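Source file: model05.csv. Holds: CSV, C-alpha atoms.
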```csv
chain,number,residue,atom,x,y,z
I,21,MET,CA,-4.5,-26.8,16.1
I,22,THR,CA,-2.7,-30.0,14.9
I,23,ARG,CA,-4.0,-29.7,11.3
I,24,ILE,CA,-1.1,-30.9,9.1
I,25,ILE,CA,-0.4,-29.5,5.7
I,26,GLN,CA,1.9,-30.5,2.9
I,27,THR,CA,4.3,-27.8,1.7
I,28,HIS,CA,6.5,-27.7,-1.3
I,29,GLY,CA,10.2,-28.6,-1.3
I,30,GLU,CA,9.7,-30.5,2.0
I,31,PRO,CA,9.1,-34.2,1.9
I,32,GLY,CA,7.8,-34.3,5.5
I,33,LEU,CA,4.6,-32.9,6.9
I,34,ARG,CA,4.5,-29.7,8.8
I,35,SER,CA,2.0,-28.4,11.3
I,36,ALA,CA,-0.4,-25.6,10.4
I,37,GLY,CA,-1.8,-23.0,12.8
I,38,LEU,CA,0.1,-21.6,15.8
I,39,ARG,CA,2.0,-24.8,16.1
I,40,GLY,CA,3.2,-24.3,12.6
I,41,VAL,CA,4.3,-20.7,13.4
I,42,ALA,CA,6.4,-22.0,16.3
I,43,ALA,CA,7.8,-24.8,14.2
I,44,ASP,CA,8.7,-22.3,11.4
I,45,PHE,CA,10.4,-19.8,13.6
I,46,ALA,CA,12.2,-22.5,15.5
I,47,SER,CA,13.3,-24.0,12.2
I,48,ASP,CA,16.8,-24.3,10.9
I,49,GLN,CA,15.4,-23.9,7.4
I,50,ARG,CA,13.4,-21.2,5.7
I,51,ALA,CA,10.8,-19.7,8.1
I,52,PHE,CA,8.2,-18.8,5.3
I,53,LYS,CA,7.9,-22.3,3.8
I,54,THR,CA,5.6,-21.3,1.0
I,55,ALA,CA,7.0,-17.9,0.1
I,56,SER,CA,10.1,-17.7,-2.1
I,57,TRP,CA,13.0,-15.5,-1.0
I,58,GLY,CA,12.0,-12.9,-3.5
I,59,LYS,CA,8.5,-12.6,-2.1
I,60,ALA,CA,9.7,-12.6,1.5
I,61,MET,CA,12.3,-9.9,0.8
I,62,MET,CA,9.7,-7.7,-0.9
I,63,TRP,CA,7.4,-8.2,2.2
I,64,ILE,CA,10.3,-7.2,4.5
I,65,PHE,CA,11.1,-4.2,2.4
I,66,LEU,CA,7.4,-3.2,2.5
I,67,LEU,CA,7.4,-3.6,6.3
I,68,SER,CA,10.3,-1.2,6.6
I,69,ASP,CA,8.4,1.2,4.3
I,70,THR,CA,5.4,0.9,6.6
I,71,PHE,CA,7.6,2.2,9.4
I,72,VAL,CA,8.8,5.1,7.3
I,73,PHE,CA,5.2,6.1,6.3
I,74,GLY,CA,4.1,5.4,9.9
I,75,CYS,CA,6.7,7.8,11.3
I,76,PHE,CA,5.6,10.5,8.8
I,77,LEU,CA,1.9,10.2,9.7
I,78,ILE,CA,2.7,10.1,13.4
I,79,ALA,CA,4.9,13.3,13.0
I,80,TYR,CA,2.0,14.9,11.2
I,81,MET,CA,-0.4,13.8,13.9
I,82,THR,CA,1.8,15.2,16.6
I,83,ALA,CA,2.3,18.6,14.8
I,84,ARG,CA,-1.5,18.9,14.2
I,85,MET,CA,-2.4,18.0,17.8
I,86,SER,CA,0.2,20.3,19.4
I,87,THR,CA,-0.3,23.5,17.4
I,88,PRO,CA,-2.4,26.2,19.1
I,89,VAL,CA,-3.1,27.7,15.7
I,90,ALA,CA,-6.2,26.4,13.8
I,91,TRP,CA,-5.3,23.6,11.2
I,92,PRO,CA,-6.5,24.5,7.6
I,93,ASN,CA,-9.7,22.6,6.7
I,94,PRO,CA,-8.6,20.0,4.0
I,95,SER,CA,-12.2,19.8,2.8
I,96,GLU,CA,-12.0,23.4,1.6
I,97,VAL,CA,-8.3,23.6,0.8
I,98,PHE,CA,-8.6,20.7,-1.7
I,99,ALA,CA,-11.9,21.7,-3.2
I,100,LEU,CA,-12.2,22.5,-6.9
I,101,HIS,CA,-14.3,25.2,-8.5
I,102,ILE,CA,-16.5,23.2,-10.9
I,103,GLY,CA,-19.7,24.5,-12.6
I,104,GLY,CA,-20.0,27.6,-10.4
I,105,GLN,CA,-19.6,25.9,-7.1
I,106,ASP,CA,-16.9,24.5,-4.9
I,107,VAL,CA,-16.9,20.7,-4.8
I,108,PRO,CA,-15.0,19.5,-1.7
I,109,LEU,CA,-12.0,17.0,-2.1
I,110,ILE,CA,-13.2,16.1,-5.6
I,111,LEU,CA,-9.7,15.8,-7.1
I,112,ILE,CA,-8.5,13.6,-4.2
I,113,ALA,CA,-11.6,11.4,-4.7
I,114,ILE,CA,-10.8,10.9,-8.4
I,115,MET,CA,-7.1,10.2,-7.5
I,116,THR,CA,-8.3,7.6,-5.1
I,117,PHE,CA,-10.5,5.9,-7.7
I,118,VAL,CA,-7.7,6.0,-10.3
I,119,LEU,CA,-5.3,4.3,-7.8
I,120,ILE,CA,-7.8,1.7,-6.8
I,121,SER,CA,-8.4,0.9,-10.4
I,122,SER,CA,-4.7,0.5,-11.0
I,123,SER,CA,-4.6,-2.0,-8.1
I,124,GLY,CA,-7.4,-3.9,-9.7
I,125,THR,CA,-5.7,-4.2,-13.1
I,126,MET,CA,-2.4,-5.2,-11.3
I,127,ALA,CA,-4.1,-8.0,-9.4
I,128,MET,CA,-5.5,-9.3,-12.7
I,129,ALA,CA,-2.1,-9.0,-14.4
I,130,VAL,CA,-0.6,-11.3,-11.7
I,131,ASN,CA,-3.4,-13.8,-12.3
I,132,PHE,CA,-2.8,-13.8,-16.1
I,133,GLY,CA,0.9,-14.0,-15.4
I,134,TYR,CA,0.5,-17.3,-13.6
I,135,ARG,CA,-1.7,-18.5,-16.5
I,136,ARG,CA,1.3,-17.7,-18.7
I,137,ASP,CA,-0.8,-15.4,-20.9
I,138,ARG,CA,1.9,-13.0,-22.0
I,139,GLY,CA,-0.3,-10.6,-24.0
I,140,LYS,CA,-2.9,-10.0,-21.3
I,141,THR,CA,-0.3,-9.7,-18.5
I,142,ALA,CA,1.8,-7.1,-20.4
I,143,ALA,CA,-1.4,-5.2,-21.4
I,144,LEU,CA,-2.8,-5.1,-17.9
I,145,MET,CA,0.6,-4.0,-16.5
I,146,LEU,CA,0.8,-1.2,-19.1
I,147,LEU,CA,-2.7,-0.1,-18.1
I,148,THR,CA,-1.6,-0.1,-14.5
I,149,ALA,CA,1.4,2.0,-15.3
I,150,LEU,CA,-0.8,4.5,-17.3
I,151,LEU,CA,-3.2,4.8,-14.3
I,152,GLY,CA,-0.3,5.3,-12.0
I,153,ALA,CA,1.1,8.0,-14.3
I,154,THR,CA,-2.3,9.6,-14.3
I,155,PHE,CA,-2.3,9.7,-10.5
I,156,VAL,CA,1.2,11.4,-10.5
I,157,GLY,CA,-0.1,13.9,-13.1
I,158,MET,CA,-3.1,14.8,-11.0
I,159,GLN,CA,-0.8,15.1,-8.0
I,160,ALA,CA,1.5,17.5,-9.9
I,161,PHE,CA,-1.7,19.6,-10.8
I,162,GLU,CA,-2.7,19.6,-7.1
I,163,TRP,CA,0.8,20.7,-6.0
I,164,THR,CA,0.9,23.4,-8.6
I,165,LYS,CA,-2.5,24.7,-7.5
I,166,LEU,CA,-1.4,24.8,-3.8
I,167,ILE,CA,1.9,26.4,-4.6
I,168,THR,CA,0.2,29.2,-6.6
I,169,GLU,CA,-2.1,29.7,-3.7
I,170,GLY,CA,0.9,30.4,-1.5
I,171,VAL,CA,1.5,27.1,0.3
I,172,ARG,CA,5.1,26.6,1.3
I,173,PRO,CA,6.8,24.1,3.7
I,174,TRP,CA,7.0,27.0,6.2
I,175,GLU,CA,3.7,28.8,5.7
I,176,ASN,CA,0.2,28.8,4.1
I,177,PRO,CA,-2.6,31.3,3.9
I,178,TRP,CA,-5.1,29.4,6.1
I,179,GLY,CA,-3.5,28.7,9.5
I,180,ALA,CA,-1.0,26.4,11.0
I,181,ALA,CA,2.4,26.6,9.3
I,182,GLN,CA,3.1,22.9,9.7
I,183,PHE,CA,0.4,22.1,7.2
I,184,GLY,CA,2.7,22.8,4.2
I,185,SER,CA,5.6,20.8,5.4
I,186,THR,CA,3.6,17.7,6.3
I,187,PHE,CA,1.6,17.9,3.1
I,188,PHE,CA,4.7,18.1,0.8
I,189,MET,CA,6.5,15.5,2.8
I,190,ILE,CA,3.8,12.9,3.0
I,191,THR,CA,2.3,13.3,-0.5
I,192,GLY,CA,5.7,13.9,-2.0
I,193,PHE,CA,7.1,10.6,-0.6
I,194,HIS,CA,4.0,8.7,-1.7
I,195,GLY,CA,4.2,10.3,-5.2
I,196,THR,CA,7.9,9.2,-5.4
I,197,HIS,CA,6.8,5.7,-4.6
I,198,VAL,CA,4.2,5.8,-7.4
I,199,THR,CA,6.7,7.1,-9.9
I,200,ILE,CA,9.3,4.4,-9.1
I,201,GLY,CA,6.4,1.9,-9.4
I,202,VAL,CA,5.5,3.1,-12.8
I,203,ILE,CA,9.1,2.8,-14.0
I,204,PHE,CA,9.3,-0.7,-12.7
I,205,LEU,CA,6.0,-1.6,-14.2
I,206,PHE,CA,7.3,-0.7,-17.6
I,207,ILE,CA,10.5,-2.7,-17.0
I,208,VAL,CA,8.6,-5.9,-15.9
I,209,ALA,CA,5.9,-5.5,-18.6
I,210,ARG,CA,8.7,-5.4,-21.2
I,211,LYS,CA,10.2,-8.6,-19.7
I,212,VAL,CA,6.8,-10.3,-19.8
I,213,TRP,CA,6.2,-9.2,-23.4
I,214,ARG,CA,9.6,-10.3,-24.6
I,215,GLY,CA,9.0,-13.8,-23.0
I,216,ASP,CA,11.8,-13.5,-20.5
I,217,PHE,CA,9.8,-15.5,-17.9
I,218,ASP,CA,8.9,-18.2,-20.3
I,219,GLU,CA,12.5,-19.0,-21.3
I,220,GLU,CA,13.8,-18.2,-17.8
I,221,ARG,CA,16.2,-15.6,-19.2
I,222,ARG,CA,18.6,-14.4,-16.6
I,223,GLY,CA,18.2,-10.8,-15.2
I,224,PHE,CA,20.8,-8.2,-16.0
I,225,PHE,CA,21.4,-7.3,-12.3
I,226,THR,CA,21.0,-10.4,-10.2
I,227,SER,CA,21.5,-12.9,-13.1
I,228,ARG,CA,18.8,-15.1,-11.6
I,229,ARG,CA,16.4,-16.9,-13.8
I,230,GLY,CA,13.3,-14.9,-14.6
I,231,GLN,CA,10.0,-16.3,-13.3
I,232,TYR,CA,6.4,-15.1,-13.5
I,233,GLU,CA,6.6,-14.7,-9.8
I,234,ALA,CA,8.4,-11.3,-10.6
I,235,VAL,CA,4.9,-10.1,-11.7
I,236,GLU,CA,3.5,-11.0,-8.3
I,237,ILE,CA,6.4,-9.3,-6.4
I,238,MET,CA,5.9,-6.2,-8.6
I,239,GLY,CA,2.2,-6.4,-7.6
I,240,LEU,CA,3.0,-6.5,-3.9
I,241,TYR,CA,4.8,-3.2,-4.3
I,242,TRP,CA,2.1,-1.7,-6.3
I,243,HIS,CA,-0.7,-2.7,-3.9
I,244,PHE,CA,1.3,-1.4,-1.0
I,245,VAL,CA,1.4,2.1,-2.7
I,246,ASP,CA,-2.4,1.9,-2.9
I,247,LEU,CA,-2.5,0.7,0.7
I,248,VAL,CA,-0.5,3.7,1.9
I,249,TRP,CA,-2.8,6.0,0.0
I,250,VAL,CA,-5.8,4.6,1.9
I,251,PHE,CA,-4.2,5.8,5.2
I,252,ILE,CA,-3.1,9.2,3.7
I,253,PHE,CA,-6.7,9.7,2.4
I,254,ALA,CA,-8.2,8.9,5.8
I,255,PHE,CA,-5.7,10.8,8.0
I,256,PHE,CA,-4.6,13.7,5.9
I,257,TYR,CA,-7.6,14.5,3.7
I,258,LEU,CA,-10.6,13.4,5.7
I,259,TRP,CA,-9.4,14.3,9.2
P,12,MET,CA,22.0,-38.2,-4.3
P,13,SER,CA,22.0,-34.6,-3.1
P,14,GLU,CA,21.9,-33.5,-6.7
P,15,THR,CA,18.7,-35.4,-7.4
P,16,THR,CA,17.1,-34.0,-4.3
P,17,ALA,CA,18.0,-30.5,-5.3
P,18,HIS,CA,16.6,-31.2,-8.8
P,19,ALA,CA,13.4,-32.5,-7.4
P,20,GLN,CA,13.1,-29.5,-5.2
P,21,THR,CA,13.6,-27.1,-8.1
P,22,GLN,CA,10.9,-29.0,-9.9
P,23,THR,CA,8.4,-28.6,-7.1
P,24,VAL,CA,9.3,-25.0,-6.6
P,25,HIS,CA,8.6,-24.4,-10.3
P,26,ALA,CA,5.4,-26.2,-10.2
P,27,GLN,CA,4.4,-24.2,-7.1
P,28,ALA,CA,5.4,-20.9,-8.7
P,29,HIS,CA,3.4,-21.6,-11.9
P,30,THR,CA,0.2,-22.4,-10.1
P,31,GLY,CA,0.9,-20.2,-7.0
P,32,GLN,CA,-1.6,-17.6,-6.0
P,33,GLN,CA,-4.0,-18.3,-8.8
P,34,HIS,CA,-7.5,-17.2,-7.8
P,35,PRO,CA,-10.6,-16.6,-9.9
P,36,ILE,CA,-10.7,-13.3,-11.8
P,37,ARG,CA,-14.2,-12.8,-10.4
P,38,LEU,CA,-12.8,-12.5,-6.9
P,39,TYR,CA,-10.5,-9.7,-7.9
P,40,LEU,CA,-13.3,-7.9,-9.8
P,41,PHE,CA,-15.6,-8.2,-6.7
P,42,VAL,CA,-12.9,-6.8,-4.4
P,43,TRP,CA,-12.2,-4.0,-6.9
P,44,GLY,CA,-15.9,-3.1,-6.9
P,45,LEU,CA,-16.0,-3.3,-3.1
P,46,LEU,CA,-13.0,-0.9,-2.8
P,47,PHE,CA,-14.8,1.5,-5.1
P,48,VAL,CA,-17.9,1.5,-3.0
P,49,LEU,CA,-16.0,1.9,0.3
P,50,SER,CA,-14.0,4.8,-1.2
P,51,ALA,CA,-17.3,6.4,-2.3
P,52,PHE,CA,-18.6,5.9,1.2
P,53,SER,CA,-15.6,7.6,2.9
P,54,TYR,CA,-15.8,10.4,0.3
P,55,MET,CA,-19.5,10.8,1.2
P,56,VAL,CA,-18.6,11.2,4.9
P,57,ASP,CA,-16.8,14.4,4.0
P,58,TYR,CA,-19.3,15.5,1.3
P,59,LEU,CA,-22.2,15.2,3.7
P,60,GLY,CA,-20.2,17.1,6.3
P,61,LEU,CA,-20.6,14.6,9.1
P,62,GLN,CA,-18.7,15.7,12.3
P,63,GLY,CA,-17.6,14.4,15.6
P,64,TYR,CA,-17.5,10.7,16.6
P,65,VAL,CA,-19.7,9.6,13.8
P,66,ARG,CA,-17.2,11.0,11.3
P,67,TRP,CA,-14.2,9.4,13.0
P,68,THR,CA,-15.9,6.0,13.4
P,69,LEU,CA,-17.0,5.9,9.8
P,70,ILE,CA,-13.6,7.1,8.4
P,71,LEU,CA,-11.7,4.5,10.5
P,72,VAL,CA,-14.1,1.7,9.7
P,73,PHE,CA,-13.9,2.3,5.9
P,74,MET,CA,-10.2,2.7,6.1
P,75,MET,CA,-9.6,-0.6,7.9
P,76,LEU,CA,-12.0,-2.4,5.6
P,77,LYS,CA,-10.2,-1.1,2.5
P,78,ALA,CA,-6.7,-1.8,3.9
P,79,GLY,CA,-7.9,-5.3,5.0
P,80,LEU,CA,-9.2,-6.1,1.5
P,81,ILE,CA,-6.1,-4.9,-0.2
P,82,VAL,CA,-3.7,-6.9,2.0
P,83,ALA,CA,-5.8,-10.0,2.3
P,84,VAL,CA,-6.9,-10.5,-1.3
P,85,PHE,CA,-4.8,-8.3,-3.6
P,86,MET,CA,-1.5,-9.0,-1.7
P,87,HIS,CA,-2.6,-12.7,-1.2
P,88,MET,CA,-2.0,-12.5,2.6
P,89,ALA,CA,-5.1,-14.6,3.2
P,90,TRP,CA,-3.4,-17.5,1.5
P,91,GLU,CA,0.1,-17.1,2.9
P,92,ARG,CA,1.6,-19.2,5.6
P,93,LEU,CA,0.8,-18.1,9.2
P,94,ALA,CA,4.5,-17.5,10.0
P,95,LEU,CA,4.8,-14.8,7.3
P,96,VAL,CA,1.4,-13.3,8.2
P,97,TYR,CA,2.5,-12.8,11.8
P,98,ALA,CA,6.0,-11.6,10.9
P,99,ILE,CA,4.5,-8.9,8.7
P,100,LEU,CA,1.3,-7.9,10.4
P,101,LEU,CA,2.3,-7.8,14.1
P,102,PRO,CA,5.1,-5.2,13.9
P,103,PRO,CA,2.8,-2.5,12.4
P,104,VAL,CA,0.2,-3.2,15.1
P,105,LEU,CA,2.9,-2.4,17.7
P,106,VAL,CA,3.3,1.0,16.1
P,107,LEU,CA,0.1,1.9,17.9
P,108,VAL,CA,2.2,2.1,21.1
P,109,PHE,CA,4.3,4.8,19.4
P,110,VAL,CA,1.1,6.6,18.4
P,111,ALA,CA,-0.1,6.5,22.0
P,112,LEU,CA,3.2,7.9,23.2
P,113,MET,CA,3.1,10.8,20.7
P,114,VAL,CA,-0.5,11.6,21.5
P,115,SER,CA,0.4,12.1,25.2
P,116,GLU,CA,3.5,14.0,24.2
P,117,ALA,CA,1.4,16.3,21.8
P,118,ASP,CA,-1.2,16.9,24.6
P,119,TYR,CA,1.6,17.9,26.9
P,120,THR,CA,3.2,20.2,24.3
P,121,ILE,CA,0.0,22.0,23.6
P,122,PHE,CA,-0.7,22.3,27.4
P,123,THR,CA,2.7,24.0,28.0
P,124,ARG,CA,2.2,26.3,25.0
P,125,LEU,CA,-1.2,27.4,26.2
P,126,ALA,CA,0.0,27.7,29.8
P,127,PHE,CA,3.1,29.7,29.2
P,128,PHE,CA,2.4,31.6,25.9
P,129,GLY,CA,-1.3,32.1,26.1
P,130,ALA,CA,-3.9,31.0,23.6
P,131,THR,CA,-2.3,33.0,20.7
P,132,PRO,CA,1.3,32.2,19.8
```
Would it be possible to restate this file's structure as structure tokens?
Amino acid sequence: MTRIIQTHGEPGLRSAGLRGVAADFASDQRAFKTASWGKAMMWIFLLSDTFVFGCFLIAYMTARMSTPVAWPNPSEVFALHIGGQDVPLILIAIMTFVLISSSGTMAMAVNFGYRRDRGKTAALMLLTALLGATFVGMQAFEWTKLITEGVRPWENPWGAAQFGSTFFMITGFHGTHVTIGVIFLFIVARKVWRGDFDEERRGFFTSRRGQYEAVEIMGLYWHFVDLVWVFIFAFFYLW
Amino acid sequence: MSETTAHAQTQTVHAQAHTGQQHPIRLYLFVWGLLFVLSAFSYMVDYLGLQGYVRWTLILVFMMLKAGLIVAVFMHMAWERLALVYAILLPPVLVLVFVALMVSEADYTIFTRLAFFGATP
């Protein structure tokens, strides 16, 4: 409990463990001693996003639990006809693997960023962006297929009408997040490639000095998008 | 005096940022592989057509394992200061209260629907 650790920017010693939490929250200085403001703010944004997605999933759960009409079976709705037979959820499974792979490449990009390896960082971020774009493309395909089959926010051919509205709402909001992430991946990858973080070039918007930590902050957002998909996969597609 | 302190602080912040959250690539590759395997398992739950409590238990276990790995390793939560960990992880846990409220509400809604409108809408 009284383990003491040394933190940066702080000549004195600060307690670790629960004692440290109490000391941090009671502090007249920064509470998250080892996290920069940029990182802490991204975490707080992601926390707010967690609540938004949480509300969507809870609304979907409530709709599904309170409808007397049978809920469409996702396993069949999202099946693809391949090689003469229906394979359940196959497209969703591939989308899951694509998104997980993009998370893997992003984590490695962060690592190479801190090693100041510009080439590898930019290349891995571009690969992440391409995998993200692939995910959005497959989602567009999925939406198109369901819309041709007659799914609308107010009706669908297989049962409870709320299926369409929750499906478009939840996957649409997630897809928007992925799309925004892809755009920002391109922007940060360009900054890395141009050497903005090596020469601490000031940003066009905040005019703060560019640092390789921007890659990690970008990574936090990207992993969060993957994290949300884990819950959507479990609650929307597997339930 | 205050200028030198500020300068020293910037220096340490820089040093920290340059070495911060550097972990072996092998660890990331391992977690990546683990996430692949766990996703394959949760897909198999549906593919094999498991139902009932077995299905729910497996889905939730694989989901929590995947979420835990992403947050702990990919998002570096395992190495963050405890104050940040609590500030971020506790509030979502409290959302479970909201879930419980809405479950009881949904049960009540379907009860009234079935009681007053019959089994078919």
Quiz item: Which residues, written as a list in words, have at least one atom at most 10 Å from Pro102 of chain P, with only C-alpha atoms counted and residues fewer than 3 positions away on the same chain left out?
Solution: Leu67, Ser68, Thr70 and Phe71 of chain I; Tyr97, Ala98, Ile99, Leu105, Val106 and Leu107 of chain P
Quiz item: Any idea which chain I residues end up within 7 Å of chain P if we count only C-alpha atoms, as a VMD selection string please?
Solution: chain I and resid 28 to 29 37 41 44 51 to 52 54 67 78 82 85 to 88 108 113 117 124 127 to 128 131 134 233 240 243 247 250 to 251 254 258
Those selected residues, please, written with C-alpha atoms and delivered as a PDB file, keeping the file's coordinate frame.
```
ATOM      1  CA  HIS I  28       6.500 -27.700  -1.300  1.00  0.00           C
ATOM      2  CA  GLY I  29      10.200 -28.600  -1.300  1.00  0.00           C
ATOM      3  CA  GLY I  37      -1.800 -23.000  12.800  1.00  0.00           C
ATOM      4  CA  VAL I  41       4.300 -20.700  13.400  1.00  0.00           C
ATOM      5  CA  ASP I  44       8.700 -22.300  11.400  1.00  0.00           C
ATOM      6  CA  ALA I  51      10.800 -19.700   8.100  1.00  0.00           C
ATOM      7  CA  PHE I  52       8.200 -18.800   5.300  1.00  0.00           C
ATOM      8  CA  THR I  54       5.600 -21.300   1.000  1.00  0.00           C
ATOM      9  CA  LEU I  67       7.400  -3.600   6.300  1.00  0.00           C
ATOM     10  CA  ILE I  78       2.700  10.100  13.400  1.00  0.00           C
ATOM     11  CA  THR I  82       1.800  15.200  16.600  1.00  0.00           C
ATOM     12  CA  MET I  85      -2.400  18.000  17.800  1.00  0.00           C
ATOM     13  CA  SER I  86       0.200  20.300  19.400  1.00  0.00           C
ATOM     14  CA  THR I  87      -0.300  23.500  17.400  1.00  0.00           C
ATOM     15  CA  PRO I  88      -2.400  26.200  19.100  1.00  0.00           C
ATOM     16  CA  PRO I 108     -15.000  19.500  -1.700  1.00  0.00           C
ATOM     17  CA  ALA I 113     -11.600  11.400  -4.700  1.00  0.00           C
ATOM     18  CA  PHE I 117     -10.500   5.900  -7.700  1.00  0.00           C
ATOM     19  CA  GLY I 124      -7.400  -3.900  -9.700  1.00  0.00           C
ATOM     20  CA  ALA I 127      -4.100  -8.000  -9.400  1.00  0.00           C
ATOM     21  CA  MET I 128      -5.500  -9.300 -12.700  1.00  0.00           C
ATOM     22  CA  ASN I 131      -3.400 -13.800 -12.300  1.00  0.00           C
ATOM     23  CA  TYR I 134       0.500 -17.300 -13.600  1.00  0.00           C
ATOM     24  CA  GLU I 233       6.600 -14.700  -9.800  1.00  0.00           C
ATOM     25  CA  LEU I 240       3.000  -6.500  -3.900  1.00  0.00           C
ATOM     26  CA  HIS I 243      -0.700  -2.700  -3.900  1.00  0.00           C
ATOM     27  CA  LEU I 247      -2.500   0.700   0.700  1.00  0.00           C
ATOM     28  CA  VAL I 250      -5.800   4.600   1.900  1.00  0.00           C
ATOM     29  CA  PHE I 251      -4.200   5.800   5.200  1.00  0.00           C
ATOM     30  CA  ALA I 254      -8.200   8.900   5.800  1.00  0.00           C
ATOM     31  CA  LEU I 258     -10.600  13.400   5.700  1.00  0.00           C
TER      32      LEU I 258
END
```
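Across the structure, atom CA of Val212 of chain I and atom CA of Met158 of chain I are spaced 28.4 Å apart.
Our summary of the geometry notes that atom CA of Ala83 of chain I is positioned 16.8 Å from atom CA of Val171 of chain I.
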Self-check item: Who sits within 12 Å of segment 137-148 of chain I, all atoms listed in the file, same chain under 5 positions skipped, as an MDAnalysis selection string
Solution: (chainID I and resid 118:132 153:155 198:199 201:218 232 234:236 238:239 242:243 246) or (chainID P and resid 29)
Written file, previous selection with C-alpha atoms, as a PDB file, in the frame of the given file:
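Saved the output as again04.pdb:
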```
ATOM      1  CA  VAL I 118      -7.700   6.000 -10.300  1.00  0.00           C
ATOM      2  CA  LEU I 119      -5.300   4.300  -7.800  1.00  0.00           C
ATOM      3  CA  ILE I 120      -7.800   1.700  -6.800  1.00  0.00           C
ATOM      4  CA  SER I 121      -8.400   0.900 -10.400  1.00  0.00           C
ATOM      5  CA  SER I 122      -4.700   0.500 -11.000  1.00  0.00           C
ATOM      6  CA  SER I 123      -4.600  -2.000  -8.100  1.00  0.00           C
ATOM      7  CA  GLY I 124      -7.400  -3.900  -9.700  1.00  0.00           C
ATOM      8  CA  THR I 125      -5.700  -4.200 -13.100  1.00  0.00           C
ATOM      9  CA  MET I 126      -2.400  -5.200 -11.300  1.00  0.00           C
ATOM     10  CA  ALA I 127      -4.100  -8.000  -9.400  1.00  0.00           C
ATOM     11  CA  MET I 128      -5.500  -9.300 -12.700  1.00  0.00           C
ATOM     12  CA  ALA I 129      -2.100  -9.000 -14.400  1.00  0.00           C
ATOM     13  CA  VAL I 130      -0.600 -11.300 -11.700  1.00  0.00           C
ATOM     14  CA  ASN I 131      -3.400 -13.800 -12.300  1.00  0.00           C
ATOM     15  CA  PHE I 132      -2.800 -13.800 -16.100  1.00  0.00           C
ATOM     16  CA  ALA I 153       1.100   8.000 -14.300  1.00  0.00           C
ATOM     17  CA  THR I 154      -2.300   9.600 -14.300  1.00  0.00           C
ATOM     18  CA  PHE I 155      -2.300   9.700 -10.500  1.00  0.00           C
ATOM     19  CA  VAL I 198       4.200   5.800  -7.400  1.00  0.00           C
ATOM     20  CA  THR I 199       6.700   7.100  -9.900  1.00  0.00           C
ATOM     21  CA  GLY I 201       6.400   1.900  -9.400  1.00  0.00           C
ATOM     22  CA  VAL I 202       5.500   3.100 -12.800  1.00  0.00           C
ATOM     23  CA  ILE I 203       9.100   2.800 -14.000  1.00  0.00           C
ATOM     24  CA  PHE I 204       9.300  -0.700 -12.700  1.00  0.00           C
ATOM     25  CA  LEU I 205       6.000  -1.600 -14.200  1.00  0.00           C
ATOM     26  CA  PHE I 206       7.300  -0.700 -17.600  1.00  0.00           C
ATOM     27  CA  ILE I 207      10.500  -2.700 -17.000  1.00  0.00           C
ATOM     28  CA  VAL I 208       8.600  -5.900 -15.900  1.00  0.00           C
ATOM     29  CA  ALA I 209       5.900  -5.500 -18.600  1.00  0.00           C
ATOM     30  CA  ARG I 210       8.700  -5.400 -21.200  1.00  0.00           C
ATOM     31  CA  LYS I 211      10.200  -8.600 -19.700  1.00  0.00           C
ATOM     32  CA  VAL I 212       6.800 -10.300 -19.800  1.00  0.00           C
ATOM     33  CA  TRP I 213       6.200  -9.200 -23.400  1.00  0.00           C
ATOM     34  CA  ARG I 214       9.600 -10.300 -24.600  1.00  0.00           C
ATOM     35  CA  GLY I 215       9.000 -13.800 -23.000  1.00  0.00           C
ATOM     36  CA  ASP I 216      11.800 -13.500 -20.500  1.00  0.00           C
ATOM     37  CA  PHE I 217       9.800 -15.500 -17.900  1.00  0.00           C
ATOM     38  CA  ASP I 218       8.900 -18.200 -20.300  1.00  0.00           C
ATOM     39  CA  TYR I 232       6.400 -15.100 -13.500  1.00  0.00           C
ATOM     40  CA  ALA I 234       8.400 -11.300 -10.600  1.00  0.00           C
ATOM     41  CA  VAL I 235       4.900 -10.100 -11.700  1.00  0.00           C
ATOM     42  CA  GLU I 236       3.500 -11.000  -8.300  1.00  0.00           C
ATOM     43  CA  MET I 238       5.900  -6.200  -8.600  1.00  0.00           C
ATOM     44  CA  GLY I 239       2.200  -6.400  -7.600  1.00  0.00           C
ATOM     45  CA  TRP I 242       2.100  -1.700  -6.300  1.00  0.00           C
ATOM     46  CA  HIS I 243      -0.700  -2.700  -3.900  1.00  0.00           C
ATOM     47  CA  ASP I 246      -2.400   1.900  -2.900  1.00  0.00           C
TER      48      ASP I 246
ATOM     49  CA  HIS P  29       3.400 -21.600 -11.900  1.00  0.00           C
TER      50      HIS P  29
END
```
Practice problem: Find the residue from I:Phe193, I:Phe244, I:Phe161, I:Trp91 that sits nearest to Pro177 of chain I; use only C-alpha atoms when measuring. | Solution: I:Trp91
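The space between atom CA of Thr164 of chain I and atom CA of Ala79 of chain I spans 24.2 Å.
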Practice problem: Write out as a list in words which residues come within 7 Å of Leu109 of chain I when counting only C-alpha atoms, dropping same-chain ones fewer than 2 positions away. | Solution: Ser95, Phe98, Ala99, Val107, Leu111, Ile112 and Ala113 of chain I
Okay, now the selection with C-alpha atoms, as a PDB file, keeping the file's coordinate frame?
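And here is the file that came out, part-v1.pdb:
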```pdb
ATOM      1  CA  SER I  95     -12.200  19.800   2.800  1.00  0.00           C
ATOM      2  CA  PHE I  98      -8.600  20.700  -1.700  1.00  0.00           C
ATOM      3  CA  ALA I  99     -11.900  21.700  -3.200  1.00  0.00           C
ATOM      4  CA  VAL I 107     -16.900  20.700  -4.800  1.00  0.00           C
ATOM      5  CA  LEU I 111      -9.700  15.800  -7.100  1.00  0.00           C
ATOM      6  CA  ILE I 112      -8.500  13.600  -4.200  1.00  0.00           C
ATOM      7  CA  ALA I 113     -11.600  11.400  -4.700  1.00  0.00           C
TER       8      ALA I 113
END
```
